[in-house]
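Shown next, in structure tokens, is the structure this report addresses.
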Amino acid sequence: MILKDDSSEQKLRGAYYTPKKLADTIVKILSPKMNSNILEPSCGDGVFLDALQCTKILDNFDKVTAIEIDEDEATKVKRKFERHCNVEVNSEDFFLFYQKVLGKRRYDLILGNPPYIRYQYLTDLQRQFQSEILTSLGMKSNKLINAWVAFMVACVQLLTAKGKIAFIVPAEILQVAYAEELRLYLAEKLSKITLITFDKLVFPSIEQEVVVFIGEKGESEAEIRIIETNDVDSLSSVDFSTVPFQKLQHVKEKWTKYFISSSEITTIQNLRKDIRFAKFSDFGVINVGITTGNNSYFSITDNVSTLYDLDDVTLPLIGRSSHSHGIFFTKQDWEKNRKLGKKARLILFPNIPFDDYPES
């Protein structure tokens with residue numbers, strides 16, 4: 001566990017700034033219209049404002065509002081764009097700004113990179129605001145929910161009837177349980193959703209996989225598509241018109257299923273209904289992943305197990321997806337991983353007095 005006092009200023013603020021090339025490409029994809037009213041709810045160093053400036057039409061937007069909680073950063077951005085009378089930079093918490101403008105202002109385009117702040121790193125007031133945003137819309141608020149979720153929900157509320165939102169968010173949005181209600185909310189409020197994924201990490205320093213989420217309000221039935229790219233550099237060459245939308249189901253299910261086509265989804269659904277097949281859950285408890293709080297401590301190699309006499313208190317482990325090379329995973333596969341020095345054991349300390357533990 002890392003205590004709040006031991007965490008970096010950057011981590012506490014969730015401030016991991018967007019690469020300029022990615023911001024430029026997102027703005028190019030969106031092609032914001034003249035006279036648009038634009039909001040950037042967590043502007044950081046102003047990279048999205050720079051991207052809008054590169055379009056050479058910054059002055060032609062009705063108004064561009066940027067919010068940044070860090071006063072020093074907000075001051076820098078304000079100075080940078082002070083000659084543009086339609087650009088307003090506010091140094092305040094976005095949650096406070098949202099409360100002030102809800103029901104009073106709407107935006108044609110909201111874009112940016114919301115902060116990735118875990119619940120335990122939020123202030124008491126921020127937790128309260130986050131809870132109010134979610135519960136006011138019938139969603140649950142709990143200690144697993146990251147700040148970016150509340151940012152998305154709040155910003156969708158602030159869109160005009162045909163407004164667009166473009167956010168860089170963790171790839172967790174596709175599948176994690178705590179984002180179930182968010183996925184349902186987005187499916188109900190947006191008519192078109194585009195998700196852009198990357199094979200390579202956009203933010204290597206934090207090992208956080210991200211996706212670019214682009215949503216558009218409208219009256220048509222909700223549709224979704226997933227654009228798969230190698231990295232930020234290859235995104236600019238993608239022809240979006242070649243990737244069709246498919247109907248988005250209004251359920252809390254994972255969005256990972258939309259990586260395949262509609263016909264493939266139908267085939268899988270038919271297989272699920274086929275009585276000739278049984279579910280894993282009919283035979284045991286199935287958990288896809290294990291969260292230990294510190295994988296490098298609890299996931300160990302054979303050498304570490306031998307050094308500390310841990311063989312009797314470990315369980316066989318598939319530490320990473322790369323440790324499995326097919327549909328079947330046998331004891332022989334596990335033995336091979338052990339011999340290759342992979343972390344193939346999970347420590348499960350026994351519930352006995354500490355004095356009874358082996359000395360090593």
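Note on naming: chains are A, B, ... as they come in the structure tokens, residues start from 1 per chain, ligands start from 1 in the order shown.
Near Ile347 (chain A), within a cut-off of 9 Å and counting only C-alpha atoms, sit the residues Tyr297, Phe298, Ser299, Ile300, Ser305, Leu310, Asp311, Val313, Thr314, Leu315, Arg345 and Phe349 of chain A, with same-chain residues fewer than 2 positions away left out.
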Could the residues in this selection be written to a file with N, CA and C atoms, as a PDB file, in the first residue's frame?
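Okay, this is what ended up in result_16.pdb:
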ATOM      1  N   TYR A 297       5.431  -8.280  -5.012  1.00  0.00           N
ATOM      2  CA  TYR A 297       5.726  -8.909  -3.712  1.00  0.00           C
ATOM      3  C   TYR A 297       5.087 -10.294  -3.610  1.00  0.00           C
ATOM      4  N   PHE A 298       3.829 -10.417  -4.000  1.00  0.00           N
ATOM      5  CA  PHE A 298       3.098 -11.666  -3.819  1.00  0.00           C
ATOM      6  C   PHE A 298       3.288 -12.665  -4.963  1.00  0.00           C
ATOM      7  N   SER A 299       3.643 -12.178  -6.149  1.00  0.00           N
ATOM      8  CA  SER A 299       3.897 -13.070  -7.286  1.00  0.00           C
ATOM      9  C   SER A 299       5.398 -13.328  -7.349  1.00  0.00           C
ATOM     10  N   ILE A 300       5.791 -14.590  -7.220  1.00  0.00           N
ATOM     11  CA  ILE A 300       7.215 -14.876  -7.068  1.00  0.00           C
ATOM     12  C   ILE A 300       7.684 -15.990  -8.012  1.00  0.00           C
ATOM     13  N   SER A 305      10.898 -18.572  -3.967  1.00  0.00           N
ATOM     14  CA  SER A 305      10.185 -19.547  -3.137  1.00  0.00           C
ATOM     15  C   SER A 305      11.158 -20.452  -2.386  1.00  0.00           C
ATOM     16  N   LEU A 310       9.042 -21.115   0.770  1.00  0.00           N
ATOM     17  CA  LEU A 310       7.634 -20.739   0.593  1.00  0.00           C
ATOM     18  C   LEU A 310       6.815 -21.740  -0.222  1.00  0.00           C
ATOM     19  N   ASP A 311       7.423 -22.852  -0.625  1.00  0.00           N
ATOM     20  CA  ASP A 311       6.711 -23.772  -1.514  1.00  0.00           C
ATOM     21  C   ASP A 311       5.356 -24.201  -0.968  1.00  0.00           C
ATOM     22  N   VAL A 313       3.363 -22.578   0.915  1.00  0.00           N
ATOM     23  CA  VAL A 313       2.386 -21.499   1.107  1.00  0.00           C
ATOM     24  C   VAL A 313       2.186 -20.695  -0.181  1.00  0.00           C
ATOM     25  N   THR A 314       2.337 -21.365  -1.325  1.00  0.00           N
ATOM     26  CA  THR A 314       2.082 -20.709  -2.602  1.00  0.00           C
ATOM     27  C   THR A 314       1.079 -21.509  -3.415  1.00  0.00           C
ATOM     28  N   LEU A 315       0.405 -20.831  -4.294  1.00  0.00           N
ATOM     29  CA  LEU A 315      -0.536 -21.454  -5.222  1.00  0.00           C
ATOM     30  C   LEU A 315      -0.022 -21.283  -6.645  1.00  0.00           C
ATOM     31  N   ARG A 345       4.192 -18.408  -9.055  1.00  0.00           N
ATOM     32  CA  ARG A 345       3.661 -18.780  -7.735  1.00  0.00           C
ATOM     33  C   ARG A 345       3.032 -17.553  -7.077  1.00  0.00           C
ATOM     34  N   PHE A 349      -0.200 -16.612   2.504  1.00  0.00           N
ATOM     35  CA  PHE A 349       0.286 -16.825   3.864  1.00  0.00           C
ATOM     36  C   PHE A 349      -0.776 -17.537   4.707  1.00  0.00           C
TER      37      PHE A 349
END
Please run DSSP on the backbone and report, as number ranges by chain, all residues within region 245-310 of chain A that come out as strand (DSSP E). A: 246-247, 299-300
Residues within 9 Å of region 259-268 of chain A, only C-alpha atoms, excluding chain neighbours under 5 positions, as a PDB file with C-alpha atoms, in the first residue's frame:
ATOM      1  CA  ARG A 225     -17.325   1.302 -33.164  1.00  0.00           C
ATOM      2  CA  ILE A 226     -13.799   0.517 -32.078  1.00  0.00           C
ATOM      3  CA  ILE A 227     -10.763   1.765 -33.995  1.00  0.00           C
ATOM      4  CA  GLU A 228      -7.624  -0.282 -33.270  1.00  0.00           C
ATOM      5  CA  GLN A 246     -22.796  -1.360 -34.853  1.00  0.00           C
ATOM      6  CA  LYS A 247     -25.835  -1.233 -32.612  1.00  0.00           C
ATOM      7  CA  LYS A 273     -27.974 -20.643 -25.658  1.00  0.00           C
TER       8      LYS A 273
END
Quiz prompt | For Gln99 (chain A): contacts at 12 Å, only C-alpha atoms, fewer than 2 positions along chain excluded, given as number ranges by chain | solution = A: 92-97, 101-105, 129-130, 132-133, 154-155, 157-158
For N, CA and C atoms, I'd like the residues from the last selection saved as a PDB file, in the first residue's frame.
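Resulting contents of part.pdb:
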ATOM      1  N   GLU A  92      -9.811  26.623 -10.805  1.00  0.00           N
ATOM      2  CA  GLU A  92     -10.734  26.101  -9.794  1.00  0.00           C
ATOM      3  C   GLU A  92     -10.952  24.612 -10.012  1.00  0.00           C
ATOM      4  N   ASP A  93     -11.560  23.999  -9.032  1.00  0.00           N
ATOM      5  CA  ASP A  93     -11.904  22.583  -9.120  1.00  0.00           C
ATOM      6  C   ASP A  93     -13.058  22.438 -10.112  1.00  0.00           C
ATOM      7  N   PHE A  94     -12.930  21.518 -11.068  1.00  0.00           N
ATOM      8  CA  PHE A  94     -13.984  21.354 -12.071  1.00  0.00           C
ATOM      9  C   PHE A  94     -15.326  21.022 -11.433  1.00  0.00           C
ATOM     10  N   PHE A  95     -15.311  20.231 -10.356  1.00  0.00           N
ATOM     11  CA  PHE A  95     -16.569  19.870  -9.712  1.00  0.00           C
ATOM     12  C   PHE A  95     -17.324  21.110  -9.226  1.00  0.00           C
ATOM     13  N   LEU A  96     -16.588  22.114  -8.729  1.00  0.00           N
ATOM     14  CA  LEU A  96     -17.206  23.373  -8.304  1.00  0.00           C
ATOM     15  C   LEU A  96     -17.750  24.135  -9.516  1.00  0.00           C
ATOM     16  N   PHE A  97     -16.955  24.176 -10.591  1.00  0.00           N
ATOM     17  CA  PHE A  97     -17.378  24.838 -11.823  1.00  0.00           C
ATOM     18  C   PHE A  97     -18.655  24.199 -12.355  1.00  0.00           C
ATOM     19  N   VAL A 101     -22.400  25.990 -13.302  1.00  0.00           N
ATOM     20  CA  VAL A 101     -22.908  26.169 -14.673  1.00  0.00           C
ATOM     21  C   VAL A 101     -24.025  25.196 -15.045  1.00  0.00           C
ATOM     22  N   LEU A 102     -24.238  24.144 -14.246  1.00  0.00           N
ATOM     23  CA  LEU A 102     -25.265  23.149 -14.581  1.00  0.00           C
ATOM     24  C   LEU A 102     -26.631  23.820 -14.720  1.00  0.00           C
ATOM     25  N   GLY A 103     -27.254  23.618 -15.860  1.00  0.00           N
ATOM     26  CA  GLY A 103     -28.561  24.207 -16.113  1.00  0.00           C
ATOM     27  C   GLY A 103     -28.488  25.631 -16.647  1.00  0.00           C
ATOM     28  N   LYS A 104     -27.275  26.198 -16.710  1.00  0.00           N
ATOM     29  CA  LYS A 104     -27.114  27.580 -17.169  1.00  0.00           C
ATOM     30  C   LYS A 104     -26.322  27.670 -18.472  1.00  0.00           C
ATOM     31  N   ARG A 105     -25.367  26.751 -18.654  1.00  0.00           N
ATOM     32  CA  ARG A 105     -24.540  26.774 -19.859  1.00  0.00           C
ATOM     33  C   ARG A 105     -24.485  25.393 -20.495  1.00  0.00           C
ATOM     34  N   PHE A 129     -18.718  15.900  -3.859  1.00  0.00           N
ATOM     35  CA  PHE A 129     -19.161  16.343  -5.182  1.00  0.00           C
ATOM     36  C   PHE A 129     -19.320  15.155  -6.130  1.00  0.00           C
ATOM     37  N   GLN A 130     -18.331  14.253  -6.113  1.00  0.00           N
ATOM     38  CA  GLN A 130     -18.378  13.085  -6.996  1.00  0.00           C
ATOM     39  C   GLN A 130     -19.605  12.247  -6.689  1.00  0.00           C
ATOM     40  N   GLU A 132     -22.420  13.211  -5.317  1.00  0.00           N
ATOM     41  CA  GLU A 132     -23.639  13.919  -5.709  1.00  0.00           C
ATOM     42  C   GLU A 132     -23.887  13.846  -7.204  1.00  0.00           C
ATOM     43  N   ILE A 133     -22.808  13.959  -7.990  1.00  0.00           N
ATOM     44  CA  ILE A 133     -22.939  13.877  -9.452  1.00  0.00           C
ATOM     45  C   ILE A 133     -23.501  12.523  -9.861  1.00  0.00           C
ATOM     46  N   ALA A 154     -20.443  14.221 -15.639  1.00  0.00           N
ATOM     47  CA  ALA A 154     -20.745  15.647 -15.532  1.00  0.00           C
ATOM     48  C   ALA A 154     -20.684  16.330 -16.887  1.00  0.00           C
ATOM     49  N   CYS A 155     -19.661  16.006 -17.679  1.00  0.00           N
ATOM     50  CA  CYS A 155     -19.469  16.676 -18.965  1.00  0.00           C
ATOM     51  C   CYS A 155     -20.546  16.299 -19.980  1.00  0.00           C
ATOM     52  N   GLN A 157     -23.549  15.755 -19.273  1.00  0.00           N
ATOM     53  CA  GLN A 157     -24.691  16.582 -18.869  1.00  0.00           C
ATOM     54  C   GLN A 157     -24.602  18.005 -19.419  1.00  0.00           C
ATOM     55  N   LEU A 158     -23.373  18.480 -19.623  1.00  0.00           N
ATOM     56  CA  LEU A 158     -23.171  19.863 -20.056  1.00  0.00           C
ATOM     57  C   LEU A 158     -23.172  20.029 -21.577  1.00  0.00           C
TER      58      LEU A 158
END
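Interatomic distance, CA of Ala23 (chain A) against CA of Arg106 (chain A): 22.4 Å.
Close contacts of Leu122 (chain A), defined as residues with an atom at most 12 Å away when counting only C-alpha atoms, with chain neighbours fewer than 2 positions off set aside, comprise Lys4, Lys11, Leu12, Arg13, Gly14, Asp93, Phe95, Pro115, Tyr116, Ile117, Arg118, Tyr119, Gln120, Asp124, Leu125, Gln126, Arg127, Gln128, Phe129, Gln130, Ser131, Lys143, Leu144, Ile145, Asn146, Ala147 and Trp148 of chain A.
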Would you save the residues from that selection as a PDB file, in the first residue's frame, using C-alpha atoms?
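So the final result, stored in again.pdb, reads:
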ATOM      1  CA  LYS A   4      -1.351   9.402   0.456  1.00  0.00           C
ATOM      2  CA  LYS A  11      -0.252  11.208  -8.796  1.00  0.00           C
ATOM      3  CA  LEU A  12      -2.432  13.017  -6.252  1.00  0.00           C
ATOM      4  CA  ARG A  13      -3.617  15.407  -8.964  1.00  0.00           C
ATOM      5  CA  GLY A  14      -3.907  12.659 -11.576  1.00  0.00           C
ATOM      6  CA  ASP A  93     -11.904  22.583  -9.120  1.00  0.00           C
ATOM      7  CA  PHE A  95     -16.569  19.870  -9.712  1.00  0.00           C
ATOM      8  CA  PRO A 115      -7.527  13.403 -14.055  1.00  0.00           C
ATOM      9  CA  TYR A 116      -7.105   9.773 -13.026  1.00  0.00           C
ATOM     10  CA  ILE A 117      -7.447  10.150  -9.251  1.00  0.00           C
ATOM     11  CA  ARG A 118      -8.325   7.212  -7.030  1.00  0.00           C
ATOM     12  CA  TYR A 119     -11.020   7.713  -4.421  1.00  0.00           C
ATOM     13  CA  GLN A 120      -8.546   7.617  -1.514  1.00  0.00           C
ATOM     14  CA  ASP A 124     -13.524  15.035   1.405  1.00  0.00           C
ATOM     15  CA  LEU A 125     -15.200  17.817  -0.577  1.00  0.00           C
ATOM     16  CA  GLN A 126     -14.287  16.211  -3.908  1.00  0.00           C
ATOM     17  CA  ARG A 127     -15.683  12.889  -2.693  1.00  0.00           C
ATOM     18  CA  GLN A 128     -18.904  14.638  -1.781  1.00  0.00           C
ATOM     19  CA  PHE A 129     -19.161  16.343  -5.182  1.00  0.00           C
ATOM     20  CA  GLN A 130     -18.378  13.085  -6.996  1.00  0.00           C
ATOM     21  CA  SER A 131     -21.019  11.241  -5.011  1.00  0.00           C
ATOM     22  CA  LYS A 143     -14.619   3.793  -3.106  1.00  0.00           C
ATOM     23  CA  LEU A 144     -13.598   2.001  -6.320  1.00  0.00           C
ATOM     24  CA  ILE A 145     -14.703   4.805  -8.624  1.00  0.00           C
ATOM     25  CA  ASN A 146     -11.946   6.972 -10.088  1.00  0.00           C
ATOM     26  CA  ALA A 147     -12.429  10.730 -10.599  1.00  0.00           C
ATOM     27  CA  TRP A 148     -12.449  10.424 -14.406  1.00  0.00           C
TER      28      TRP A 148
END
Using only C-alpha atoms, the shortest atom-to-atom distance to Val232 (chain A) among A:Ser36, A:Ser31, A:Asn351, A:Thr197 belongs to A:Thr197
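Coordinates place CA of Asp62 (chain A) at a distance of 26.0 Å from CA of Thr194 (chain A).
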The residue from A:Phe151, A:Tyr98, A:Trp255, A:Phe61 with the smallest atom-to-atom distance to His84 (chain A), counting only C-alpha atoms, is A:Phe61
### Message
What's around region 164-173 of chain A at 6 Å? Count only C-alpha atoms, leave out sequence neighbours fewer than 3 positions away in its own chain, and write the answer as a VMD selection string.
### Response
chain A and resid 109 to 113 176 179 209 to 216
Selected residues, C-alpha atoms, written as a short mmCIF file (atom, residue, chain, number, x, y, z; two decimals), in the first residue's frame, please.
data_model
loop_
_atom_site.label_atom_id
_atom_site.label_comp_id
_atom_site.auth_asym_id
_atom_site.auth_seq_id
_atom_site.Cartn_x
_atom_site.Cartn_y
_atom_site.Cartn_z
CA LEU A 109 -17.64 20.39 -27.69
CA ILE A 110 -15.99 19.18 -24.48
CA LEU A 111 -12.54 17.66 -24.80
CA GLY A 112 -9.50 16.80 -22.76
CA ASN A 113 -7.73 14.36 -20.52
CA VAL A 176 -14.24 -2.99 -15.22
CA ALA A 179 -17.72 1.42 -14.78
CA GLU A 209 -3.49 1.69 -21.04
CA VAL A 210 -5.80 4.37 -22.37
CA VAL A 211 -8.40 4.82 -25.08
CA VAL A 212 -9.68 7.91 -26.83
CA PHE A 213 -13.41 8.13 -26.22
CA ILE A 214 -15.43 10.19 -28.70
CA GLY A 215 -19.15 10.54 -28.09
CA GLU A 216 -21.84 12.47 -29.92
#
